[in-house]
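Novice: So here's protein37.cif (mmCIF, C-alpha atoms).
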```cif
data_coords
#
loop_
_atom_site.label_atom_id
_atom_site.label_comp_id
_atom_site.auth_asym_id
_atom_site.auth_seq_id
_atom_site.Cartn_x
_atom_site.Cartn_y
_atom_site.Cartn_z
CA MET A 9 87.39 125.20 79.09
CA LYS A 10 86.90 122.49 81.70
CA THR A 11 88.28 122.97 85.18
CA ASN A 12 90.29 120.20 86.71
CA PRO A 13 88.35 119.21 89.87
CA ALA A 14 91.55 119.55 91.88
CA ASP A 15 91.79 123.20 90.84
CA PHE A 16 88.25 124.36 91.53
CA HIS A 17 89.35 126.40 94.55
CA LEU A 18 91.22 128.67 92.12
CA TYR A 19 87.85 129.88 90.86
CA GLY A 20 86.65 130.88 94.33
CA ALA A 21 84.83 127.60 94.63
CA THR A 22 84.77 125.75 97.91
CA LYS A 23 82.78 122.71 96.86
CA PRO A 24 83.11 120.10 94.15
CA PRO A 25 81.52 121.48 90.97
CA LEU A 26 78.03 120.35 90.04
CA THR A 27 77.15 119.16 86.59
CA HIS A 28 74.84 121.21 84.42
CA ASN A 29 71.93 118.90 85.28
CA GLN A 30 72.59 118.91 89.03
CA LEU A 31 72.76 122.68 88.86
CA ARG A 32 69.38 122.71 87.16
CA GLU A 33 67.87 120.70 90.01
CA VAL A 34 69.36 123.00 92.66
CA ILE A 35 68.23 126.20 90.99
CA ASP A 36 64.77 124.78 90.44
CA LEU A 37 64.38 123.88 94.12
CA SER A 38 65.73 127.12 95.55
CA LEU A 39 63.62 129.15 93.16
CA TRP A 40 60.55 127.18 94.16
CA ALA A 41 61.21 127.97 97.83
CA GLY A 42 61.67 131.64 96.93
CA GLN A 43 58.41 131.69 95.03
CA LEU A 44 56.53 130.13 97.95
CA LEU A 45 57.92 132.74 100.33
CA LEU A 46 57.21 135.72 98.07
CA GLN A 47 53.71 134.46 97.35
CA ASN A 48 52.85 134.08 101.01
CA GLY A 49 54.01 137.35 102.48
CA ALA A 50 57.59 136.87 103.68
CA GLU A 51 59.99 139.76 104.09
CA THR A 52 62.37 140.25 101.16
CA GLU A 53 65.47 139.75 103.27
CA ARG A 54 64.16 136.40 104.44
CA ILE A 55 63.37 135.33 100.87
CA GLU A 56 66.85 136.20 99.64
CA GLU A 57 68.54 134.51 102.60
CA THR A 58 66.45 131.36 102.30
CA VAL A 59 67.04 130.98 98.57
CA HIS A 60 70.75 131.52 99.03
CA ARG A 61 71.07 129.13 101.97
CA LEU A 62 69.04 126.44 100.25
CA GLY A 63 71.06 126.61 97.06
CA THR A 64 74.45 126.66 98.74
CA ALA A 65 73.47 123.83 101.08
CA LEU A 66 72.45 121.74 98.07
CA GLY A 67 75.91 122.14 96.55
CA CYS A 68 76.14 125.44 94.67
CA ASP A 69 79.03 127.79 95.34
CA TRP A 70 76.98 130.93 95.13
CA LEU A 71 73.52 132.20 94.32
CA ASP A 72 72.61 135.71 93.31
CA VAL A 73 68.98 136.45 93.97
CA SER A 74 66.95 139.27 92.54
CA ILE A 75 63.47 139.71 93.93
CA ASN A 76 60.82 142.03 92.64
CA SER A 77 57.13 142.29 93.21
CA THR A 78 56.25 140.09 90.26
CA GLY A 79 58.77 137.28 90.55
CA VAL A 80 62.11 135.87 91.63
CA LEU A 81 65.24 135.64 89.48
CA VAL A 82 68.16 133.47 90.54
CA THR A 83 71.61 132.82 89.11
CA ALA A 84 73.33 129.79 90.61
CA SER A 85 76.98 129.10 89.99
CA SER A 86 79.14 126.10 90.66
CA GLY A 87 82.67 125.56 89.40
CA ASP A 88 82.70 127.11 85.94
CA GLU A 89 79.02 126.48 85.27
CA PHE A 90 76.14 128.81 85.99
CA ARG A 91 72.45 128.84 85.29
CA THR A 92 69.82 131.54 85.55
CA LYS A 93 66.12 131.01 85.93
CA THR A 94 63.13 133.13 86.81
CA ARG A 95 59.78 132.32 88.30
CA ARG A 96 56.68 134.47 88.17
CA VAL A 97 54.59 135.19 91.24
CA VAL A 98 51.08 136.28 90.40
CA ARG A 99 49.10 136.84 93.56
CA GLN A 100 50.32 137.49 97.04
CA TYR A 101 48.56 136.32 100.18
CA VAL A 102 49.61 135.96 103.79
CA ASN A 103 50.10 132.34 104.78
CA MET A 104 52.24 131.79 107.85
CA ALA A 105 51.99 128.00 107.65
CA THR A 106 53.88 128.06 104.35
CA ILE A 107 56.51 130.48 105.64
CA THR A 108 57.06 128.36 108.74
CA ALA A 109 57.31 125.15 106.70
CA VAL A 110 59.81 126.61 104.19
CA ASN A 111 61.86 128.01 107.06
CA GLU A 112 61.98 124.60 108.70
CA LEU A 113 62.92 122.97 105.40
CA SER A 114 65.77 125.38 104.78
CA ARG A 115 67.13 124.70 108.27
CA ASP A 116 66.91 120.95 107.72
CA ILE A 117 68.74 121.23 104.42
CA ALA A 118 71.42 123.53 105.83
CA GLN A 119 72.10 120.96 108.55
CA GLY A 120 72.26 118.18 106.00
CA ARG A 121 69.22 116.27 107.20
CA VAL A 122 67.39 116.53 103.86
CA ASP A 123 68.78 116.02 100.33
CA ALA A 124 67.53 117.33 96.99
CA VAL A 125 64.95 114.56 96.58
CA GLY A 126 63.61 115.13 100.08
CA CYS A 127 63.53 118.85 99.40
CA ARG A 128 61.45 118.36 96.26
CA ARG A 129 59.06 116.10 98.12
CA GLU A 130 58.68 118.58 100.96
CA LEU A 131 58.18 121.57 98.63
CA ARG A 132 55.48 119.63 96.80
CA ARG A 133 53.80 118.87 100.12
CA ILE A 134 53.97 122.54 101.21
CA THR A 135 52.56 123.73 97.88
CA GLU A 136 49.63 121.33 98.01
CA GLN A 137 48.93 121.66 101.72
CA PRO A 138 45.37 122.90 102.29
CA HIS A 139 44.50 125.71 104.70
CA LEU A 140 44.77 124.67 108.31
CA TYR A 141 41.43 126.20 109.24
CA ASN A 142 38.23 125.76 107.29
CA ARG A 143 36.79 128.79 105.51
CA TRP A 144 33.93 129.34 107.96
CA LEU A 145 36.26 129.40 110.92
CA THR A 146 38.58 131.83 109.12
CA ALA A 147 35.73 134.22 108.32
CA PHE A 148 34.36 133.95 111.85
CA ALA A 149 37.79 134.62 113.36
CA GLY A 150 38.02 137.77 111.23
CA GLY A 151 34.58 138.85 112.42
CA VAL A 152 35.48 138.36 116.06
CA ALA A 153 38.80 140.17 115.59
CA CYS A 154 37.07 143.20 114.04
CA ALA A 155 34.43 143.19 116.77
CA ALA A 156 37.25 143.30 119.34
CA LEU A 157 38.87 146.18 117.41
CA SER A 158 35.60 148.11 117.41
CA LEU A 159 35.27 147.60 121.18
CA SER A 160 38.76 148.98 121.67
CA PHE A 161 37.76 152.15 119.77
CA GLY A 162 34.93 152.49 122.26
CA ALA A 163 32.00 151.12 120.28
CA ALA A 164 28.98 149.75 122.13
CA LEU A 165 28.45 146.03 122.62
CA GLU A 166 25.56 145.89 120.12
CA SER A 167 27.76 147.59 117.53
CA ALA A 168 30.50 145.04 118.11
CA LEU A 169 27.96 142.28 117.51
CA ALA A 170 26.87 143.93 114.25
CA VAL A 171 30.53 144.27 113.24
CA ALA A 172 31.14 140.59 113.95
CA VAL A 173 28.18 139.55 111.78
CA GLY A 174 28.94 142.06 109.02
CA THR A 175 32.64 141.21 108.80
CA THR A 176 32.04 137.46 108.87
CA ILE A 177 29.59 137.73 105.96
CA ALA A 178 31.94 140.11 104.13
CA LEU A 179 34.86 137.70 104.51
CA ILE A 180 32.81 134.76 103.23
CA PHE A 181 31.85 136.99 100.30
CA ARG A 182 35.55 137.76 99.75
CA GLN A 183 36.42 134.05 99.64
CA GLU A 184 33.80 133.59 96.92
CA LEU A 185 35.12 136.55 94.90
CA ILE A 186 38.72 135.31 95.15
CA LYS A 187 37.60 131.86 94.03
CA ARG A 188 36.02 133.48 90.96
CA GLN A 189 39.33 135.21 90.08
CA TYR A 190 38.17 138.79 90.56
CA ASN A 191 40.78 141.51 90.44
CA THR A 192 42.42 142.14 93.84
CA TYR A 193 41.16 145.71 94.13
CA MET A 194 37.64 144.79 93.00
CA VAL A 195 37.58 142.15 95.73
CA VAL A 196 38.56 144.74 98.32
CA ILE A 197 36.07 147.39 97.16
CA LEU A 198 33.16 144.95 97.07
CA THR A 199 34.07 143.28 100.36
CA SER A 200 34.43 146.51 102.31
CA ALA A 201 31.16 147.75 100.79
CA VAL A 202 29.33 144.59 101.91
CA GLY A 203 30.70 144.79 105.46
CA ALA A 204 29.88 148.47 105.80
CA LEU A 205 26.45 147.95 104.23
CA ILE A 206 25.50 145.39 106.86
CA THR A 207 26.61 147.55 109.79
CA GLY A 208 25.08 150.61 108.11
CA VAL A 209 21.71 148.89 107.73
CA ALA A 210 21.91 147.80 111.37
CA PHE A 211 22.45 151.46 112.30
CA ARG A 212 19.57 152.68 110.15
CA ALA A 213 17.30 150.03 111.66
CA GLY A 214 18.14 151.48 115.06
CA LEU A 215 19.83 148.32 116.27
CA ILE A 216 23.15 149.97 117.10
CA PRO A 217 23.90 153.37 118.61
CA ASP A 218 27.15 154.36 116.87
CA ALA A 219 27.56 154.28 113.11
CA GLN A 220 31.09 155.50 112.61
CA GLN A 221 33.10 153.04 114.71
CA ALA A 222 31.02 150.12 113.50
CA VAL A 223 31.40 151.02 109.83
CA TYR A 224 35.14 151.57 110.18
CA ALA A 225 35.70 148.40 112.15
CA SER A 226 33.80 146.27 109.65
CA ALA A 227 36.43 147.09 107.03
CA LEU A 228 39.50 146.68 109.21
CA ALA A 229 39.88 142.98 108.41
CA LEU A 230 40.92 144.07 104.93
CA ILE A 231 43.65 146.52 105.98
CA PRO A 232 46.87 145.24 104.38
CA GLY A 233 48.79 145.48 107.65
CA VAL A 234 51.34 142.80 106.82
CA GLN A 235 52.06 144.34 103.44
CA LEU A 236 52.49 147.84 104.85
CA ILE A 237 54.76 146.70 107.68
CA ASN A 238 56.80 144.54 105.29
CA SER A 239 57.07 147.55 103.01
CA VAL A 240 58.74 149.67 105.69
CA SER A 241 61.01 146.88 106.92
CA ASP A 242 62.07 146.10 103.33
CA ILE A 243 63.09 149.72 102.85
CA LEU A 244 64.89 149.66 106.20
CA LYS A 245 66.90 146.63 105.12
CA GLY A 246 67.87 148.05 101.77
CA TYR A 247 65.28 146.52 99.43
CA THR A 248 63.98 149.90 98.38
CA MET A 249 62.18 148.83 95.21
CA MET A 250 60.36 146.00 96.94
CA GLY A 251 59.43 148.33 99.76
CA ILE A 252 58.02 150.89 97.34
CA ALA A 253 56.06 148.24 95.43
CA ARG A 254 54.58 146.80 98.59
CA GLY A 255 53.84 150.24 100.02
CA ILE A 256 52.07 151.40 96.86
CA SER A 257 49.91 148.32 96.59
CA GLY A 258 49.13 148.55 100.31
CA ALA A 259 48.15 152.20 99.89
CA PHE A 260 45.94 151.36 96.92
CA ILE A 261 44.25 148.57 98.85
CA SER A 262 43.54 151.05 101.65
CA LEU A 263 42.13 153.45 99.07
CA ALA A 264 39.96 150.65 97.69
CA ILE A 265 38.66 149.97 101.21
CA ALA A 266 37.77 153.64 101.61
CA LEU A 267 36.03 153.58 98.23
CA GLY A 268 33.96 150.58 99.29
CA LEU A 269 33.05 152.38 102.51
CA MET A 270 31.99 155.45 100.53
CA ILE A 271 29.76 153.34 98.30
CA ALA A 272 28.10 151.72 101.30
CA VAL A 273 27.71 155.02 103.13
CA TRP A 274 26.15 156.59 100.05
CA LEU A 275 23.76 153.65 99.61
CA VAL A 276 22.59 153.55 103.22
CA GLY A 277 23.02 157.20 104.10
CA VAL A 278 25.00 156.82 107.30
CA PRO A 279 26.65 160.01 108.58
CA LEU A 280 30.41 159.57 108.82
CA MET B 13 46.03 159.29 136.09
CA ASN B 14 46.94 156.88 138.84
CA LEU B 15 48.45 153.64 137.62
CA ILE B 16 46.14 151.59 139.86
CA ASP B 17 43.07 153.07 138.15
CA LEU B 18 44.58 152.12 134.83
CA ILE B 19 44.71 148.40 135.53
CA PRO B 20 41.14 147.61 134.36
CA ILE B 21 41.66 149.67 131.19
CA ILE B 22 44.95 147.92 130.47
CA LEU B 23 43.47 144.50 131.10
CA ARG B 24 40.52 145.25 128.84
CA ASP B 25 42.75 146.59 126.05
CA ALA B 26 45.13 143.66 126.35
CA LEU B 27 42.29 141.15 126.26
CA LEU B 28 40.76 142.77 123.16
CA ALA B 29 44.17 142.97 121.48
CA GLY B 30 44.71 139.29 122.21
CA ILE B 31 41.43 138.47 120.46
CA VAL B 32 42.40 140.68 117.51
CA SER B 33 45.84 139.08 117.16
CA GLY B 34 44.42 135.58 117.49
CA GLY B 35 41.73 136.27 114.89
CA PHE B 36 44.19 137.69 112.40
CA ALA B 37 46.62 134.86 113.09
CA ILE B 38 43.86 132.46 112.00
CA ILE B 39 43.22 134.55 108.87
CA PHE B 40 46.99 134.35 108.20
CA ASN B 41 46.80 130.55 108.48
CA THR B 42 49.23 130.41 111.39
CA PRO B 43 50.01 126.85 112.58
CA ARG B 44 48.00 125.91 115.64
CA HIS B 45 50.92 125.52 118.07
CA LEU B 46 52.08 129.09 117.32
CA LEU B 47 48.69 130.76 117.84
CA VAL B 48 49.11 131.22 121.57
CA TRP B 49 52.35 133.17 121.05
CA CYS B 50 50.66 135.44 118.52
CA VAL B 51 47.94 136.20 121.08
CA LEU B 52 50.53 136.90 123.79
CA ALA B 53 52.54 139.16 121.47
CA GLY B 54 49.40 141.15 120.63
CA MET B 55 48.48 141.51 124.31
CA THR B 56 51.98 142.66 125.28
CA GLY B 57 52.25 145.30 122.58
CA LYS B 58 48.84 146.81 123.18
CA ALA B 59 49.16 146.74 126.97
CA ILE B 60 52.46 148.61 126.79
CA ARG B 61 51.05 151.15 124.37
CA THR B 62 48.00 151.73 126.56
CA VAL B 63 50.14 152.23 129.67
CA LEU B 64 52.34 154.73 127.85
CA MET B 65 49.49 156.61 126.22
CA THR B 66 47.08 156.89 129.13
CA GLY B 67 49.44 156.56 132.10
CA PHE B 68 52.32 158.64 130.80
CA THR B 69 50.34 160.66 128.20
CA LEU B 70 52.87 159.79 125.53
CA GLU B 71 52.22 160.62 121.88
CA VAL B 72 50.76 157.73 119.85
CA THR B 73 53.76 157.42 117.52
CA ILE B 74 56.40 157.06 120.19
CA ALA B 75 54.14 154.82 122.28
CA THR B 76 53.67 152.58 119.22
CA VAL B 77 57.41 152.39 118.62
CA ILE B 78 57.98 151.24 122.20
CA GLY B 79 55.07 148.79 122.10
CA ALA B 80 56.21 147.37 118.78
CA THR B 81 59.78 147.05 120.05
CA ALA B 82 58.46 144.95 122.93
CA VAL B 83 56.57 142.79 120.42
CA GLY B 84 59.71 142.52 118.30
CA PHE B 85 61.90 141.40 121.20
CA MET B 86 59.29 138.94 122.39
CA ALA B 87 58.95 137.50 118.89
CA TYR B 88 62.73 137.31 118.55
CA TYR B 89 63.25 135.28 121.71
CA VAL B 90 60.19 133.09 121.23
CA ALA B 91 61.31 132.39 117.66
CA LYS B 92 64.78 131.38 118.86
CA ARG B 93 63.29 129.07 121.45
CA ILE B 94 60.69 127.26 119.41
CA LYS B 95 62.51 127.57 116.07
CA ALA B 96 59.95 129.37 113.94
CA PRO B 97 60.28 132.59 111.93
CA ALA B 98 59.99 135.64 114.20
CA SER B 99 57.83 137.49 111.68
CA VAL B 100 54.95 135.08 112.34
CA PHE B 101 54.53 136.39 115.88
CA ALA B 102 55.71 139.90 115.21
CA LEU B 103 53.23 140.59 112.39
CA ALA B 104 50.24 139.09 114.18
CA GLY B 105 51.25 140.91 117.36
CA CYS B 106 51.43 144.21 115.50
CA ILE B 107 47.96 144.06 114.00
CA PRO B 108 46.22 145.63 117.04
CA LEU B 109 48.68 148.53 116.76
CA VAL B 110 48.13 149.20 113.04
CA PRO B 111 46.64 152.70 112.64
CA GLY B 112 43.68 151.54 110.54
CA VAL B 113 41.30 154.21 111.76
CA PHE B 114 43.72 157.07 111.07
CA ALA B 115 44.19 155.76 107.56
CA PHE B 116 40.45 155.53 106.92
CA GLU B 117 39.76 158.95 108.37
CA ALA B 118 42.46 160.45 106.19
CA LEU B 119 41.19 158.74 103.04
CA LEU B 120 37.56 159.57 103.76
CA GLU B 121 38.59 163.16 104.40
CA ILE B 122 40.20 163.23 100.95
CA ILE B 123 37.27 161.57 99.21
CA ARG B 124 34.67 163.71 101.01
CA TYR B 125 34.26 166.57 98.57
CA THR B 126 31.64 168.64 100.38
CA SER B 127 33.64 169.47 103.50
CA PHE B 128 37.19 168.72 102.42
CA ASP B 129 39.82 169.75 104.97
CA PRO B 130 43.22 169.24 103.33
CA LEU B 131 45.21 170.06 106.45
CA LEU B 132 43.36 167.51 108.56
CA ALA B 133 43.79 164.90 105.82
CA LEU B 134 47.50 165.62 105.58
CA GLU B 135 47.91 165.48 109.33
CA LEU B 136 46.15 162.13 109.51
CA LEU B 137 48.18 160.74 106.60
CA ILE B 138 51.45 161.82 108.18
CA LYS B 139 50.39 160.33 111.50
CA THR B 140 49.45 157.06 109.79
CA SER B 141 52.77 156.78 108.03
CA PHE B 142 54.77 157.62 111.13
CA VAL B 143 52.90 155.07 113.23
CA LEU B 144 53.40 152.46 110.50
CA GLY B 145 57.07 153.28 110.19
CA GLY B 146 57.41 153.09 113.95
CA LEU B 147 55.76 149.68 113.96
CA ALA B 148 58.17 148.35 111.36
CA ILE B 149 61.22 149.80 113.09
CA GLY B 150 60.00 148.43 116.40
CA ILE B 151 59.54 144.88 115.22
CA SER B 152 62.81 144.88 113.28
CA ALA B 153 64.71 146.36 116.23
CA PRO B 154 66.11 143.06 117.58
CA THR B 155 67.30 141.95 114.13
CA LEU B 156 68.81 145.34 113.42
CA LEU B 157 70.52 145.42 116.81
CA PHE B 158 71.71 141.83 117.25
CA ASP B 159 71.86 140.08 113.88
CA ARG B 160 74.55 142.26 112.38
CA VAL B 161 76.24 139.36 110.57
CA LYS B 162 78.01 139.94 107.30
CA PRO B 163 75.35 139.38 104.66
CA VAL B 164 75.39 135.91 103.13
CA VAL B 165 74.43 137.33 99.75
#
```
Can you present the structure in this file as structure tokens?

Specialist:
Amino acid sequence: MKTNPADFHLYGATKPPLTHNQLREVIDLSLWAGQLLLQNGAETERIEETVHRLGTALGCDWLDVSINSTGVLVTASSGDEFRTKTRRVVRQYVNMATITAVNELSRDIAQGRVDAVGCRRELRRITEQPHLYNRWLTAFAGGVACAALSLSFGAALESALAVAVGTTIALIFRQELIKRQYNTYMVVILTSAVGALITGVAFRAGLIPDAQQAVYASALALIPGVQLINSVSDILKGYTMMGIARGISGAFISLAIALGLMIAVWLVGVPL
Amino acid sequence: MNLIDLIPIILRDALLAGIVSGGFAIIFNTPRHLLVWCVLAGMTGKAIRTVLMTGFTLEVTIATVIGATAVGFMAYYVAKRIKAPASVFALAGCIPLVPGVFAFEALLEIIRYTSFDPLLALELLIKTSFVLGGLAIGISAPTLLFDRVKPVV
């Protein structure tokens, strides 16, 4: 049955109905935005809101969004047509540049400054955009951050230096492992072992006075802080399943870090 | 302890927390013009927690909740002003408050089979989860309090 365009408000619609092909374009774009957000560490509420806003601003009447830890599923409806599509999300990182860019795009679209073609162009640009900082700077920043953390636990200055060196090398090692498609947990175990090994060796060589703080701090760059905090705030906002999934994988990553530390401690023989 | 004596400790903690937040913000690939706000958020949260913990001898959990709430409010208003998602600042600002050491100590206590102390491990695990929960509640506080719009979905 085809709806007379003059009667579309009878079906709860507030906008002129889209054709099947237009609907396909809208669902594709909003799903793409959702995938980018889920892949780069956004909160579930923000993902759902963004997908919904984007789709409705591009002409749909309604979007129902289902988000789980492995992908996004969207049903978009307009007039008497609807389409459903899903998109898989394989690995999750934290990338604030992507989240900021998608946020800006959804605001532009909601205010009518960007149309579907512009949206596609912008999403393509966001997907292909390289990291803002080069890999050496990223690793070094992590090293400095962990050194500062170790100082705030009361480690000595020499230990902080060892932590900075150890963590920087460990993070460069992690970039290499990720590039070679290692399993997430393997990456974490090996990386935390390398970081702790370097600080542990420095302790055994008598270069640093305190083993424990240094070894702990060298692995803190790997703590899935964003994931764990997102997990709790997802549960708070009613996305219980997402919260559980994020919490469990965060807990397992922490366990993997501890395992890596144990390996390093056993290899070097540092008292913890 | 006298609050005047605390000032160097607070300054030191805030400075270190700023470095931590900035470093993690770079790992998180935060756009350059937002980095300074991440650093400020980290400094605020840690400074408040240090004041509460050493000056007022507050328990770590409640001190974290208050510190994280400050980070959350700061992120909320900064985000409104410069039109960026609040979570960018809030998450980077929270990193210095994440109870990483508690978590490690708990896990190492569980893995350590020679001198396993289940009660200590449990205590540390509970503390870790409460501090984490407090962090999340703290940084979501402004959204939970002010953005009570009818859900769009």

Novice: Apply the PyMOL selection byres ((chain B) within 9 of (chain A)) to the file shown and report the selected residues as a PDB file with C-alpha atoms, keeping the file's coordinate frame.

Specialist:
```pdb
ATOM      1  CA  ARG B  24      40.520 145.250 128.840  1.00  0.00           C
ATOM      2  CA  ASP B  25      42.750 146.590 126.050  1.00  0.00           C
ATOM      3  CA  LEU B  27      42.290 141.150 126.260  1.00  0.00           C
ATOM      4  CA  LEU B  28      40.760 142.770 123.160  1.00  0.00           C
ATOM      5  CA  ALA B  29      44.170 142.970 121.480  1.00  0.00           C
ATOM      6  CA  GLY B  30      44.710 139.290 122.210  1.00  0.00           C
ATOM      7  CA  ILE B  31      41.430 138.470 120.460  1.00  0.00           C
ATOM      8  CA  VAL B  32      42.400 140.680 117.510  1.00  0.00           C
ATOM      9  CA  SER B  33      45.840 139.080 117.160  1.00  0.00           C
ATOM     10  CA  GLY B  34      44.420 135.580 117.490  1.00  0.00           C
ATOM     11  CA  GLY B  35      41.730 136.270 114.890  1.00  0.00           C
ATOM     12  CA  PHE B  36      44.190 137.690 112.400  1.00  0.00           C
ATOM     13  CA  ALA B  37      46.620 134.860 113.090  1.00  0.00           C
ATOM     14  CA  ILE B  38      43.860 132.460 112.000  1.00  0.00           C
ATOM     15  CA  ILE B  39      43.220 134.550 108.870  1.00  0.00           C
ATOM     16  CA  PHE B  40      46.990 134.350 108.200  1.00  0.00           C
ATOM     17  CA  ASN B  41      46.800 130.550 108.480  1.00  0.00           C
ATOM     18  CA  THR B  42      49.230 130.410 111.390  1.00  0.00           C
ATOM     19  CA  PRO B  43      50.010 126.850 112.580  1.00  0.00           C
ATOM     20  CA  ARG B  44      48.000 125.910 115.640  1.00  0.00           C
ATOM     21  CA  LYS B  95      62.510 127.570 116.070  1.00  0.00           C
ATOM     22  CA  ALA B  96      59.950 129.370 113.940  1.00  0.00           C
ATOM     23  CA  PRO B  97      60.280 132.590 111.930  1.00  0.00           C
ATOM     24  CA  SER B  99      57.830 137.490 111.680  1.00  0.00           C
ATOM     25  CA  VAL B 100      54.950 135.080 112.340  1.00  0.00           C
ATOM     26  CA  LEU B 103      53.230 140.590 112.390  1.00  0.00           C
ATOM     27  CA  ALA B 104      50.240 139.090 114.180  1.00  0.00           C
ATOM     28  CA  CYS B 106      51.430 144.210 115.500  1.00  0.00           C
ATOM     29  CA  ILE B 107      47.960 144.060 114.000  1.00  0.00           C
ATOM     30  CA  PRO B 108      46.220 145.630 117.040  1.00  0.00           C
ATOM     31  CA  VAL B 110      48.130 149.200 113.040  1.00  0.00           C
ATOM     32  CA  GLY B 112      43.680 151.540 110.540  1.00  0.00           C
ATOM     33  CA  VAL B 113      41.300 154.210 111.760  1.00  0.00           C
ATOM     34  CA  ALA B 115      44.190 155.760 107.560  1.00  0.00           C
ATOM     35  CA  PHE B 116      40.450 155.530 106.920  1.00  0.00           C
ATOM     36  CA  GLU B 117      39.760 158.950 108.370  1.00  0.00           C
ATOM     37  CA  LEU B 119      41.190 158.740 103.040  1.00  0.00           C
ATOM     38  CA  LEU B 120      37.560 159.570 103.760  1.00  0.00           C
ATOM     39  CA  ILE B 123      37.270 161.570  99.210  1.00  0.00           C
ATOM     40  CA  ARG B 124      34.670 163.710 101.010  1.00  0.00           C
ATOM     41  CA  LEU B 144      53.400 152.460 110.500  1.00  0.00           C
ATOM     42  CA  GLY B 145      57.070 153.280 110.190  1.00  0.00           C
ATOM     43  CA  LEU B 147      55.760 149.680 113.960  1.00  0.00           C
ATOM     44  CA  ALA B 148      58.170 148.350 111.360  1.00  0.00           C
ATOM     45  CA  ILE B 149      61.220 149.800 113.090  1.00  0.00           C
ATOM     46  CA  ILE B 151      59.540 144.880 115.220  1.00  0.00           C
ATOM     47  CA  SER B 152      62.810 144.880 113.280  1.00  0.00           C
ATOM     48  CA  LEU B 156      68.810 145.340 113.420  1.00  0.00           C
ATOM     49  CA  PRO B 163      75.350 139.380 104.660  1.00  0.00           C
ATOM     50  CA  VAL B 164      75.390 135.910 103.130  1.00  0.00           C
ATOM     51  CA  VAL B 165      74.430 137.330  99.750  1.00  0.00           C
TER      52      VAL B 165
END
```

Novice: Kindly indicate which residue among B:Ala26, B:Ala91, B:Met65, B:Gly54 lies nearest to Pro154 (chain B), using only C-alpha atoms for the distances.

Specialist: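 Among B:Ala26, B:Ala91, B:Met65, B:Gly54, it is B:Ala91 that comes nearest to Pro154 (chain B).
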
Novice: For the file shown, report as a PyMOL selection string the outcome of the PyMOL selection byres ((chain B and resi 77) around 8) at residue level.

Specialist: chain B and resi 73-76+78-81+143+146-147+149-150

Novice: Hey, can you check how far CA of Glu121 (chain B) sits from CA of Glu135 (chain B)?

Specialist: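 That distance, rounded to one decimal, is 10.8 Å.
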
Novice: Return the padded bounding box of region 85-88 of chain B as AutoDock Vina command-line options: axis-aligned, built from all atoms listed in the file, 4 Å added on each side, with centre and edge lengths in Å to one decimal.

Specialist:
```
--center_x 60.8 --center_y 139.4 --center_z 120.5 --size_x 11.8 --size_y 12.1 --size_z 11.8
```

Novice: Between CA of Gly105 (chain B) and CA of Thr140 (chain B), what is the distance in Å, rounded to a tenth?

Specialist: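 So the answer is 17.9 Å.
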
Novice: Expand the PyMOL selection byres ((chain A and resi 201-206) around 9) into the explicit residue set it covers here, and present it as a VMD selection string.

Specialist: chain A and resid 170 to 171 173 to 179 181 196 to 200 207 to 211 222 to 227 265 to 273 275 to 276

Novice: Calculate how many Å separate CA of Ala118 (chain A) from CA of Thr83 (chain A), rounding to one decimal.

Specialist: 19.1 Å

Novice: Point out the residue among A:Thr192, A:Gln137, A:Leu185, A:Ile117 with the least atom-to-atom distance to Ser257 (chain A), counting only C-alpha atoms.

Specialist: A:Thr192

Novice: My list of candidates is A:Val34, A:Val125, A:Val82, A:Leu46. Which is closest to Leu66 (chain A) when distances are computed with all atoms listed in the file?

Specialist: A:Val34

Novice: Between B:Ile122, B:Ile21, B:Ala53, B:Leu134, which has the minimum distance to Tyr88 (chain B) (counting only C-alpha atoms)?

Specialist: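 Nearest candidate to Tyr88 (chain B) out of B:Ile122, B:Ile21, B:Ala53, B:Leu134: B:Ala53.
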
Novice: Considering only C-alpha atoms, can you say which of B:Leu46, B:Val63, B:Ile19, B:Val72 comes closest to Phe142 (chain B)?

Specialist: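 Of the candidates, the smallest distance to Phe142 (chain B) is held by B:Val72.
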